[in-house]
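Visitor: So here's protein-v6.txt (compact mmCIF, C-alpha atoms).
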# COMPACT_ATOMS: atom_id res chain seq x y z
CA MET A 162 -6.58 -11.01 14.94
CA LYS A 163 -8.64 -9.49 12.16
CA ARG A 164 -8.11 -10.80 8.68
CA ILE A 165 -5.78 -8.90 6.40
CA VAL A 166 -7.68 -7.22 3.60
CA PHE A 167 -5.72 -7.12 0.35
CA TRP A 168 -5.73 -3.70 -1.21
CA ALA A 169 -4.48 -2.14 -4.42
CA LEU A 170 -0.82 -1.47 -5.03
CA PRO A 171 0.12 2.20 -5.03
CA LEU A 172 0.72 4.43 -8.00
CA VAL A 173 4.28 4.55 -9.30
CA LEU A 174 6.04 7.89 -9.25
CA ILE A 175 8.91 7.51 -11.71
CA GLY A 176 9.71 10.42 -14.01
CA ALA A 177 10.42 10.32 -17.73
CA LEU A 178 13.02 7.76 -18.77
CA THR A 179 15.24 9.93 -20.92
CA THR A 180 18.13 8.57 -23.00
CA GLN A 181 21.76 9.39 -22.43
CA GLY A 182 23.83 11.90 -24.38
CA PHE A 183 26.42 11.04 -26.98
CA ALA A 184 29.52 9.24 -25.67
CA GLN A 185 32.58 11.48 -25.47
CA ASP A 186 36.34 10.71 -25.45
CA VAL A 187 35.90 7.17 -26.76
CA LYS A 188 38.69 5.24 -28.41
CA TRP A 189 37.02 3.47 -31.33
CA LYS A 190 38.23 0.35 -33.11
CA GLY A 191 37.02 -1.23 -36.34
CA THR A 192 33.27 -0.75 -36.81
CA GLU A 193 32.56 0.16 -33.19
CA TYR A 194 31.72 3.76 -34.02
CA GLU A 195 29.42 2.95 -36.94
CA ASP A 196 27.60 0.28 -34.94
CA TYR A 197 27.34 2.63 -31.95
CA MET A 198 25.74 5.31 -34.12
CA LEU A 199 23.22 2.80 -35.47
CA VAL A 200 22.04 2.21 -31.94
CA TYR A 201 22.26 5.88 -30.96
CA ASN A 202 20.18 7.11 -33.90
CA GLU A 203 17.52 4.39 -33.76
CA LYS A 204 14.14 5.76 -32.61
CA ASP A 205 12.19 2.51 -32.27
CA ASN A 206 12.62 1.19 -28.72
CA ALA A 207 12.54 -2.50 -29.64
CA LYS A 208 15.02 -2.06 -32.49
CA LYS A 209 17.26 0.14 -30.37
CA ALA A 210 17.38 -2.47 -27.59
CA ALA A 211 18.05 -5.25 -30.11
CA GLY A 212 20.87 -3.21 -31.64
CA ALA A 213 22.37 -2.67 -28.21
CA GLU A 214 22.21 -6.39 -27.45
CA LYS A 215 24.02 -7.08 -30.74
CA TYR A 216 26.64 -4.46 -29.90
CA PHE A 217 27.61 -6.34 -26.76
CA VAL A 218 28.02 -9.53 -28.77
CA ASP A 219 30.06 -7.92 -31.56
CA HIS A 220 32.10 -5.50 -29.44
CA LYS A 221 32.41 -6.94 -25.97
CA ASP A 222 35.94 -5.47 -25.68
CA ALA A 223 34.96 -1.95 -26.77
CA ASP A 224 35.87 1.18 -24.84
CA PRO A 225 34.24 1.13 -21.35
CA ILE A 226 32.63 4.52 -22.03
CA ALA A 227 30.94 3.22 -25.16
CA LEU A 228 29.81 0.01 -23.44
CA THR A 229 28.33 1.99 -20.58
CA GLN A 230 26.44 4.23 -22.99
CA ILE A 231 25.16 1.27 -24.98
CA TYR A 232 24.02 -0.36 -21.75
CA SER A 233 22.10 2.78 -20.77
CA MET A 234 20.43 2.99 -24.17
CA MET A 235 19.48 -0.69 -23.99
CA LEU A 236 18.02 -0.42 -20.51
CA LEU A 237 16.06 2.74 -21.22
CA SER A 238 14.77 1.38 -24.50
CA TYR A 239 13.38 -1.70 -22.78
CA ALA A 240 11.80 0.48 -20.09
CA ASN A 241 10.35 3.05 -22.49
CA GLY A 242 9.00 0.21 -24.61
CA GLY A 243 7.30 -1.39 -21.63
CA ASN A 244 9.32 -4.60 -21.87
CA TRP A 245 9.53 -4.97 -18.12
CA ALA A 246 10.96 -8.49 -18.06
CA LYS A 247 13.95 -7.40 -20.19
CA THR A 248 14.19 -4.17 -18.20
CA ILE A 249 14.72 -5.96 -14.93
CA GLU A 250 16.99 -8.51 -16.59
CA THR A 251 19.15 -5.64 -17.87
CA VAL A 252 19.21 -3.86 -14.51
CA GLU A 253 20.64 -7.06 -13.08
CA ARG A 254 23.51 -7.09 -15.60
CA PRO A 255 25.47 -4.02 -14.43
CA ASN A 256 28.73 -5.78 -15.31
CA LEU A 257 27.99 -4.82 -18.92
CA ALA A 258 28.52 -1.16 -18.00
CA PRO A 259 31.99 -0.65 -16.48
CA ASN A 260 31.68 3.13 -16.04
CA LEU A 261 28.30 3.53 -14.37
CA THR A 262 28.33 6.34 -11.82
CA PRO A 263 26.77 5.94 -8.35
CA ALA A 264 23.95 8.28 -9.44
CA GLU A 265 23.26 6.16 -12.51
CA LYS A 266 23.26 2.98 -10.45
CA GLN A 267 20.71 4.51 -8.08
CA ARG A 268 18.53 5.66 -10.96
CA TYR A 269 18.63 2.26 -12.62
CA THR A 270 17.74 0.58 -9.33
CA GLN A 271 14.62 2.77 -9.30
CA ILE A 272 13.87 1.66 -12.84
CA GLY A 273 14.24 -1.92 -11.61
CA LEU A 274 11.60 -1.12 -8.99
CA LEU A 275 9.33 0.26 -11.71
CA ALA A 276 9.80 -2.92 -13.75
CA ALA A 277 9.17 -5.22 -10.79
CA THR A 278 5.99 -3.32 -9.91
CA ASN A 279 4.67 -3.49 -13.46
CA LEU A 280 5.47 -7.20 -13.59
CA LYS A 281 3.49 -7.63 -10.33
CA ASN A 282 6.48 -9.55 -9.02
CA ASN A 283 6.04 -9.02 -5.30
CA ALA A 284 9.35 -10.55 -4.26
CA LYS A 285 11.30 -8.41 -6.73
CA THR A 286 9.26 -5.33 -5.80
CA ILE A 287 10.19 -5.76 -2.15
CA GLU A 288 13.82 -6.43 -3.09
CA TYR A 289 14.13 -3.32 -5.25
CA SER A 290 12.20 -1.13 -2.81
CA GLU A 291 14.69 -2.09 -0.12
CA LYS A 292 17.61 -1.39 -2.48
CA VAL A 293 16.27 2.06 -3.31
CA LEU A 294 15.70 2.85 0.36
CA LYS A 295 19.21 1.75 1.24
CA ASP A 296 20.53 4.54 -1.00
CA ASP A 297 17.71 6.99 -0.31
CA PRO A 298 15.78 6.30 2.93
CA LYS A 299 13.22 9.02 2.15
CA ASN A 300 12.43 7.93 -1.40
CA LEU A 301 8.68 8.43 -1.63
CA ASN A 302 8.10 6.02 -4.48
CA ALA A 303 9.92 3.17 -2.74
CA LEU A 304 8.17 3.80 0.59
CA VAL A 305 4.69 3.98 -0.96
CA THR A 306 5.31 0.92 -3.12
CA LEU A 307 6.79 -1.11 -0.26
CA SER A 308 3.88 -0.19 2.00
CA GLY A 309 1.44 -1.45 -0.61
CA VAL A 310 3.17 -4.70 -1.45
CA LEU A 311 3.89 -5.61 2.19
CA SER A 312 0.25 -5.06 3.13
CA SER A 313 -0.95 -7.16 0.20
CA THR A 314 1.42 -10.08 0.82
CA MET A 315 0.77 -10.53 4.52
CA PRO A 316 1.15 -14.10 5.87
CA THR A 317 -2.36 -15.43 6.41
CA ALA A 318 -1.51 -17.54 9.45
CA ALA A 319 -1.24 -15.74 12.77
CA GLY A 320 2.24 -16.00 14.23
CA PRO A 321 5.63 -14.30 14.47
CA ALA A 322 5.99 -13.84 10.69
CA GLN A 323 2.65 -12.05 10.43
CA THR A 324 3.30 -9.95 13.52
CA THR A 325 6.69 -8.87 12.20
CA GLN A 326 5.34 -7.95 8.77
CA ILE A 327 2.45 -5.97 10.25
CA ALA A 328 4.92 -3.93 12.31
CA ARG A 329 7.23 -3.47 9.32
CA THR A 330 4.35 -2.38 7.09
CA LEU A 331 3.15 0.12 9.66
CA ASP A 332 6.65 1.56 10.08
CA ILE A 333 7.16 1.97 6.31
CA THR A 334 3.70 3.49 5.93
CA LYS A 335 4.35 6.05 8.68
CA GLN A 336 7.62 7.00 7.01
CA ALA A 337 5.77 7.60 3.74
CA LEU A 338 3.10 9.66 5.46
CA ALA A 339 5.76 11.88 7.01
CA LEU A 340 7.05 13.02 3.61
CA PRO A 341 5.86 16.24 1.94
CA LYS A 342 4.04 16.34 -1.38
CA PRO A 343 6.48 16.53 -4.32
CA ALA A 344 5.96 19.61 -6.48
CA ASP A 345 5.50 17.56 -9.65
CA VAL A 346 2.78 15.24 -8.30
CA PRO A 347 -0.78 16.34 -9.16
CA ASP A 348 -3.12 16.91 -6.22
CA ALA A 349 -5.52 14.17 -7.36
CA GLN A 350 -2.74 11.58 -7.48
CA TRP A 351 -1.35 12.74 -4.15
CA ASN A 352 -4.76 12.43 -2.52
CA GLN A 353 -5.10 8.85 -3.78
CA ILE A 354 -1.72 7.99 -2.32
CA GLN A 355 -2.51 9.63 1.00
CA VAL A 356 -5.83 7.81 1.27
CA GLN A 357 -4.18 4.48 0.59
CA LEU A 358 -1.41 5.10 3.11
CA ARG A 359 -3.94 6.07 5.78
CA GLU A 360 -6.01 2.98 5.03
CA THR A 361 -2.93 0.76 5.21
CA SER A 362 -1.97 2.32 8.53
CA ALA A 363 -5.52 1.82 9.83
CA LEU A 364 -5.51 -1.81 8.73
CA MET A 365 -2.20 -2.57 10.42
CA LEU A 366 -3.31 -0.89 13.64
CA LEU A 367 -6.57 -2.85 13.50
CA ASN A 368 -4.59 -6.07 13.34
CA GLN A 369 -2.52 -4.89 16.30
CA MET A 370 -5.84 -4.36 18.13
CA LYS A 371 -5.06 -0.65 18.55
CA TYR A 372 -8.63 0.31 17.76
CA PRO A 373 -8.72 4.02 18.67
CA GLU A 374 -5.51 4.68 16.70
CA SER A 375 -6.83 2.70 13.74
CA ILE A 376 -10.04 4.74 13.68
CA VAL A 377 -8.03 7.98 13.70
CA GLU A 378 -6.14 6.82 10.60
CA ALA A 379 -9.34 5.81 8.80
CA GLN A 380 -10.88 9.16 9.69
CA ALA A 381 -7.83 10.88 8.21
CA ALA A 382 -8.58 9.08 4.93
CA LEU A 383 -12.18 10.24 5.16
CA LYS A 384 -11.07 13.84 5.49
CA ILE A 385 -9.72 13.47 1.97
CA ASN A 386 -12.68 11.46 0.67
CA SER A 387 -15.68 11.48 3.01
CA LYS A 388 -17.38 8.69 1.07
CA ASP A 389 -14.45 6.30 0.93
CA SER A 390 -16.08 2.90 1.35
CA TYR A 391 -12.97 1.08 2.54
CA ALA A 392 -12.22 3.59 5.30
CA TRP A 393 -15.78 3.26 6.59
CA TYR A 394 -15.44 -0.51 6.45
CA LEU A 395 -12.27 -0.36 8.55
CA ILE A 396 -14.00 1.87 11.09
CA GLY A 397 -16.82 -0.66 11.25
CA LEU A 398 -14.37 -3.50 11.89
CA ASN A 399 -12.73 -1.50 14.69
CA HIS A 400 -16.07 -0.78 16.33
CA LYS A 401 -17.10 -4.42 15.94
CA ALA A 402 -13.91 -5.61 17.65
CA SER A 403 -14.54 -3.24 20.57
CA LEU A 404 -18.21 -4.20 20.65
CA ALA A 405 -17.44 -7.85 21.36
CA GLU A 406 -15.66 -6.93 24.59
CA LEU A 407 -18.37 -4.45 25.62
CA ILE A 408 -21.13 -7.03 25.14
CA LYS A 409 -19.09 -9.56 27.10
CA LYS A 410 -18.72 -7.07 29.95
CA TYR A 411 -22.42 -6.21 29.91
CA ARG A 412 -23.46 -9.86 30.03
CA ALA A 413 -21.08 -10.59 32.88
CA LEU A 414 -22.50 -7.68 34.91
CA LEU A 415 -26.06 -8.74 34.12
CA ASP A 416 -25.30 -12.32 35.19
CA LYS A 417 -23.80 -11.02 38.42
CA TYR A 418 -26.93 -8.99 39.13
CA ASN A 419 -29.25 -11.92 38.44
CA GLU A 420 -27.16 -14.28 40.57
CA ASN A 421 -27.35 -11.95 43.56
CA ARG A 422 -30.93 -10.69 43.29
CA THR A 423 -32.16 -12.83 46.20
CA THR A 424 -29.10 -12.64 48.45
CA ALA A 425 -27.56 -9.17 48.17
CA ASP A 426 -28.72 -6.18 50.21
CA GLN A 427 -30.61 -3.44 48.39
CA ILE A 428 -27.67 -1.02 48.19
CA ALA A 429 -25.35 -3.62 46.63
CA LEU A 430 -28.11 -4.77 44.33
CA ASP A 431 -28.77 -1.21 43.16
CA GLU A 432 -25.07 -0.76 42.45
CA MET A 433 -24.96 -3.97 40.40
CA LYS A 434 -28.09 -2.91 38.50
CA THR A 435 -26.59 0.49 37.69
CA ALA A 436 -23.37 -1.15 36.56
CA TYR A 437 -25.05 -3.48 34.07
CA GLN A 438 -27.35 -0.72 32.81
CA VAL A 439 -24.37 1.57 32.14
CA ALA A 440 -22.57 -1.28 30.37
CA GLU A 441 -25.71 -1.98 28.34
CA LYS A 442 -25.92 1.67 27.24
CA ILE A 443 -22.24 1.70 26.25
CA ALA A 444 -22.65 -1.52 24.24
CA SER A 445 -25.81 -0.15 22.62
CA ASP A 446 -24.05 3.05 21.57
CA LYS A 447 -21.14 1.08 20.17
CA THR A 448 -23.58 -1.10 18.23
CA ASP A 449 -25.08 2.03 16.70
CA GLU A 450 -21.62 3.29 15.75
CA THR A 451 -20.78 -0.07 14.18
CA LEU A 452 -24.01 -0.19 12.20
CA ASP A 453 -23.49 3.40 11.05
CA ALA A 454 -19.97 2.73 9.74
CA PHE A 455 -20.91 -0.44 7.87
CA ALA A 456 -24.02 1.22 6.44
CA ARG A 457 -21.92 4.14 5.17
CA SER A 458 -19.50 1.69 3.58
CA VAL A 459 -22.34 -0.07 1.78
CA ALA A 460 -23.85 3.24 0.71
CA ALA A 461 -20.53 4.42 -0.74
CA GLY A 462 -20.30 1.33 -2.95
CA GLY A 463 -17.13 -0.21 -4.35
CA PRO A 464 -15.39 -3.48 -3.44
CA SER A 465 -15.79 -2.96 0.31
CA ALA A 466 -19.57 -2.66 0.09
CA THR A 467 -20.06 -6.44 -0.14
CA PRO A 468 -18.19 -7.45 3.05
CA ALA A 469 -19.62 -4.39 4.80
CA ARG A 470 -23.16 -5.51 3.97
CA GLU A 471 -22.37 -8.98 5.29
CA GLU A 472 -21.20 -7.47 8.59
CA LEU A 473 -24.25 -5.22 8.69
CA GLN A 474 -26.65 -8.12 8.23
CA LYS A 475 -25.05 -9.96 11.16
CA LEU A 476 -25.70 -7.05 13.54
CA PHE A 477 -28.91 -5.46 12.29
CA THR A 478 -32.04 -6.68 14.07
CA GLY A 479 -34.69 -4.93 11.98
CA THR A 480 -36.46 -5.99 8.81
CA PRO A 481 -34.78 -6.08 5.38
CA ALA A 482 -36.77 -2.97 4.43
CA GLU A 483 -35.49 -1.15 7.51
CA LEU A 484 -31.93 -2.22 6.68
CA ASN A 485 -32.26 -0.85 3.15
CA ALA A 486 -33.70 2.37 4.55
CA LEU A 487 -30.70 2.73 6.87
CA ILE A 488 -28.29 2.29 3.95
CA GLU A 489 -30.25 4.71 1.78
CA SER A 490 -30.15 7.34 4.52
CA LYS A 491 -26.35 7.32 4.43
CA LYS A 492 -26.00 7.92 0.68
CA THR A 493 -26.19 11.67 1.06
CA SER A 494 -23.96 11.75 4.12
CA THR A 495 -20.60 13.47 4.09
CA GLY A 496 -17.91 13.78 6.70
CA ASN A 497 -17.16 11.31 9.45
Would it be possible to restate this file's structure as structure tokens?
Guide:
Amino acid sequence: MKRIVFWALPLVLIGALTTQGFAQDVKWKGTEYEDYMLVYNEKDNAKKAAGAEKYFVDHKDADPIALTQIYSMMLLSYANGGNWAKTIETVERPNLAPNLTPAEKQRYTQIGLLAATNLKNNAKTIEYSEKVLKDDPKNLNALVTLSGVLSSTMPTAAGPAQTTQIARTLDITKQALALPKPADVPDAQWNQIQVQLRETSALMLLNQMKYPESIVEAQAALKINSKDSYAWYLIGLNHKASLAELIKKYRALLDKYNENRTTADQIALDEMKTAYQVAEKIASDKTDETLDAFARSVAAGGPSATPAREELQKLFTGTPAELNALIESKKTSTGN
């Protein structure tokens, strides 16, 4: 089992957090209307949220329509002000808003996901991603976010928990990859998301030891960015995993040939010699592919360059100058 490489969380795709319209058909009592208007007209997010909090203290028995509107203003003020702790706290107090519609509840659950992501609260991010997907199984933001947080919170110990989470991460990632590009998402942002999803898929497949499939996913990322260091690193890890088995096979065939050199007839000996030579050529070619991928990762730079160089140094048999020359030769390379 290859180690899980932690990667960045995805970009969040939540639209503008607009405030609600003026409450209609409300039965006002005492100073409820005046206090409502103070909150409604306030432009400062922090003051607006504070006014809403006070409204619930002073007018807890107000008209349900007014309370629901005040709740919405409070929640959106916290979110627009970047007070993510209070945002998520407010999302989890829906009892304050008796008249929330199903559509509003779904929207506020998505805002809860935004808050959890910004707080870097992985448990809450997973919780709210799942809630969003329960209402909207094809919600791109929830799928992309859940893919990222699941891949970055993988159990480190091999076992059923890790196996289950790898499979779950791969499933969520594939669902995200199956969705079309939203019209309002810029191409540059979409490409970043697609690269990350492909890399996550490649990483999960690598850990499932599905090496050819993992390489295909990493190559898909490289079609978007041919110099993506992490994708090249993943390809190198896949080749390295395959290389270990190929070298083992070659050595076993070579040992068999040497053990039978004095006892086997010439035809059998020639067959054994051909077998180990073919295995040697296959292992040699795979070594070259492995070195090439790690060298490209180092040449591309970024966080993956350091572990890629470490892998490269383990396999490369030439001089340090020759190693540097190999890396330098890949800096102008494009494509995969």
Visitor: One decimal, in Å: what's the spacing between atom CA of Tyr391 of chain A and atom CA of Thr361 of chain A?
Guide: 10.4 Å
Visitor: Excluding Pro259 of chain A and any residue of its chain fewer than 2 positions from it, enumerate the residues within 12 Å of it, using all atoms listed in the file, and give them as a list in words.
Guide: Lys221, Asp222, Ala223, Asp224, Pro225, Ile226, Ala227, Leu228, Thr229, Gln230, Ile231, Tyr232, Ser233, Arg254, Pro255, Asn256, Leu257, Leu261, Thr262, Pro263, Glu265 and Lys266 of chain A
Visitor: Taking all atoms listed in the file into account, produce a table as CSV in which each residue of segment 357-408 of chain A with an atom at most 6 Å from an atom of segment 445-456 of chain A appears once, together with its shortest atom pair and the distance in Å to one decimal, ordered by chain and rising number.
Guide:
residue,atom,partner,partner_atom,distance
A:Trp393,CA,A:Ala454,CA,5.3
A:Tyr394,CA,A:Phe455,CA,5.7
A:Gly397,CA,A:Ala454,CA,4.9
A:His400,CA,A:Thr451,CA,5.2
A:Lys401,CA,A:Thr451,CA,6.0
Visitor: Closest to Ile327 of chain A among A:Ser290, A:Ile354, A:Lys342, A:Gln369, using all atoms listed in the file?
Guide: A:Gln369
Visitor: Write out as a list in words each polymer residue whose atoms come within 8 Å of Arg457 of chain A, counting only C-alpha atoms; drop sequence neighbours fewer than 5 positions from it.
Guide: Lys388, Ser390, Trp393, Ile488, Lys491, Lys492 and Ser494 of chain A
Visitor: Given the point (-5.3, 9.5, -1.0) in the file's coordinates, find the residues that have an atom at most 12 Å from it, counting only C-alpha atoms, and give them as a ChimeraX atom specification.
Guide: /A:171-172,305,338,342,347-361,378-379,381-387,389,391-392
Visitor: Taking 3 positions as the minimum chain separation for residues in the same chain, which residues sit within 8 Å of Ala240 of chain A when counting only C-alpha atoms? Answer as JSON, numbers by chain.
Guide: {"A": [178, 236, 237, 243, 244, 245, 248, 272, 276]}
Visitor: First collect every listed atom of segment 224-230 of chain A; then fit an axis-aligned box around them, widen it by 5 Å on each side, and give centre and edge lengths in Å to one decimal, as JSON.
Guide:
{"center_x": 31.2, "center_y": 2.3, "center_z": -22.9, "size_x": 19.4, "size_y": 14.5, "size_z": 14.6}
Visitor: Grab the atom CA of Gln438 of chain A to atom CA of Ala405 of chain A distance for me, in Å with one decimal place.
Guide: 16.7 Å
Visitor: Generate the missing atoms of segment 392-402 of chain A up to all heavy atoms and report them as a short mmCIF file (atom, residue, chain, number, x, y, z; two decimals), in the coordinates of the input.
Guide:
data_model
loop_
_atom_site.label_atom_id
_atom_site.label_comp_id
_atom_site.auth_asym_id
_atom_site.auth_seq_id
_atom_site.Cartn_x
_atom_site.Cartn_y
_atom_site.Cartn_z
N ALA A 392 -12.49 2.97 4.00
CA ALA A 392 -12.22 3.59 5.30
C ALA A 392 -13.39 3.37 6.25
O ALA A 392 -13.20 3.07 7.44
CB ALA A 392 -11.93 5.07 5.12
N TRP A 393 -14.61 3.53 5.75
CA TRP A 393 -15.78 3.26 6.59
C TRP A 393 -15.85 1.81 7.02
O TRP A 393 -16.22 1.49 8.16
CB TRP A 393 -17.06 3.64 5.85
CG TRP A 393 -17.34 5.11 5.84
CD1 TRP A 393 -17.42 5.93 4.75
CD2 TRP A 393 -17.58 5.94 6.99
NE1 TRP A 393 -17.69 7.22 5.15
CE2 TRP A 393 -17.81 7.25 6.51
CE3 TRP A 393 -17.64 5.71 8.36
CZ2 TRP A 393 -18.07 8.32 7.37
CZ3 TRP A 393 -17.91 6.77 9.22
CH2 TRP A 393 -18.12 8.07 8.72
N TYR A 394 -15.46 0.92 6.12
CA TYR A 394 -15.44 -0.51 6.45
C TYR A 394 -14.45 -0.79 7.58
O TYR A 394 -14.76 -1.55 8.52
CB TYR A 394 -15.08 -1.31 5.20
CG TYR A 394 -14.93 -2.80 5.41
CD1 TYR A 394 -15.99 -3.56 5.88
CD2 TYR A 394 -13.73 -3.43 5.13
CE1 TYR A 394 -15.86 -4.94 6.07
CE2 TYR A 394 -13.59 -4.81 5.30
CZ TYR A 394 -14.65 -5.55 5.78
OH TYR A 394 -14.51 -6.90 5.97
N LEU A 395 -13.27 -0.17 7.50
CA LEU A 395 -12.27 -0.36 8.55
C LEU A 395 -12.77 0.18 9.89
O LEU A 395 -12.54 -0.43 10.94
CB LEU A 395 -10.96 0.32 8.16
CG LEU A 395 -10.17 -0.33 7.03
CD1 LEU A 395 -8.99 0.55 6.62
CD2 LEU A 395 -9.69 -1.72 7.44
N ILE A 396 -13.43 1.32 9.85
CA ILE A 396 -14.00 1.87 11.09
C ILE A 396 -15.02 0.89 11.67
O ILE A 396 -15.06 0.65 12.88
CB ILE A 396 -14.63 3.25 10.83
CG1 ILE A 396 -13.53 4.28 10.56
CG2 ILE A 396 -15.48 3.70 12.02
CD1 ILE A 396 -14.04 5.65 10.17
N GLY A 397 -15.84 0.32 10.78
CA GLY A 397 -16.82 -0.66 11.25
C GLY A 397 -16.16 -1.86 11.90
O GLY A 397 -16.62 -2.34 12.96
N LEU A 398 -15.08 -2.35 11.31
CA LEU A 398 -14.37 -3.50 11.89
C LEU A 398 -13.77 -3.15 13.25
O LEU A 398 -13.78 -3.99 14.17
CB LEU A 398 -13.25 -3.97 10.94
CG LEU A 398 -13.69 -4.65 9.65
CD1 LEU A 398 -12.46 -5.01 8.81
CD2 LEU A 398 -14.52 -5.91 9.93
N ASN A 399 -13.27 -1.94 13.39
CA ASN A 399 -12.73 -1.50 14.69
C ASN A 399 -13.83 -1.44 15.74
O ASN A 399 -13.65 -1.92 16.87
CB ASN A 399 -12.07 -0.13 14.54
CG ASN A 399 -10.63 -0.21 14.06
OD1 ASN A 399 -9.74 -0.59 14.80
ND2 ASN A 399 -10.41 0.12 12.80
N HIS A 400 -14.95 -0.84 15.38
CA HIS A 400 -16.07 -0.78 16.33
C HIS A 400 -16.56 -2.18 16.68
O HIS A 400 -16.87 -2.47 17.85
CB HIS A 400 -17.22 0.02 15.72
CG HIS A 400 -16.98 1.50 15.71
ND1 HIS A 400 -16.37 2.17 16.74
CD2 HIS A 400 -17.29 2.45 14.77
CE1 HIS A 400 -16.31 3.47 16.45
NE2 HIS A 400 -16.85 3.66 15.26
N LYS A 401 -16.63 -3.06 15.69
CA LYS A 401 -17.10 -4.42 15.94
C LYS A 401 -16.18 -5.15 16.92
O LYS A 401 -16.66 -5.87 17.81
CB LYS A 401 -17.19 -5.18 14.63
CG LYS A 401 -17.68 -6.62 14.80
CD LYS A 401 -17.64 -7.38 13.49
CE LYS A 401 -18.03 -8.83 13.71
NZ LYS A 401 -17.93 -9.64 12.46
N ALA A 402 -14.87 -4.96 16.75
CA ALA A 402 -13.91 -5.61 17.65
C ALA A 402 -14.09 -5.10 19.08
O ALA A 402 -14.05 -5.89 20.04
CB ALA A 402 -12.49 -5.35 17.17
#
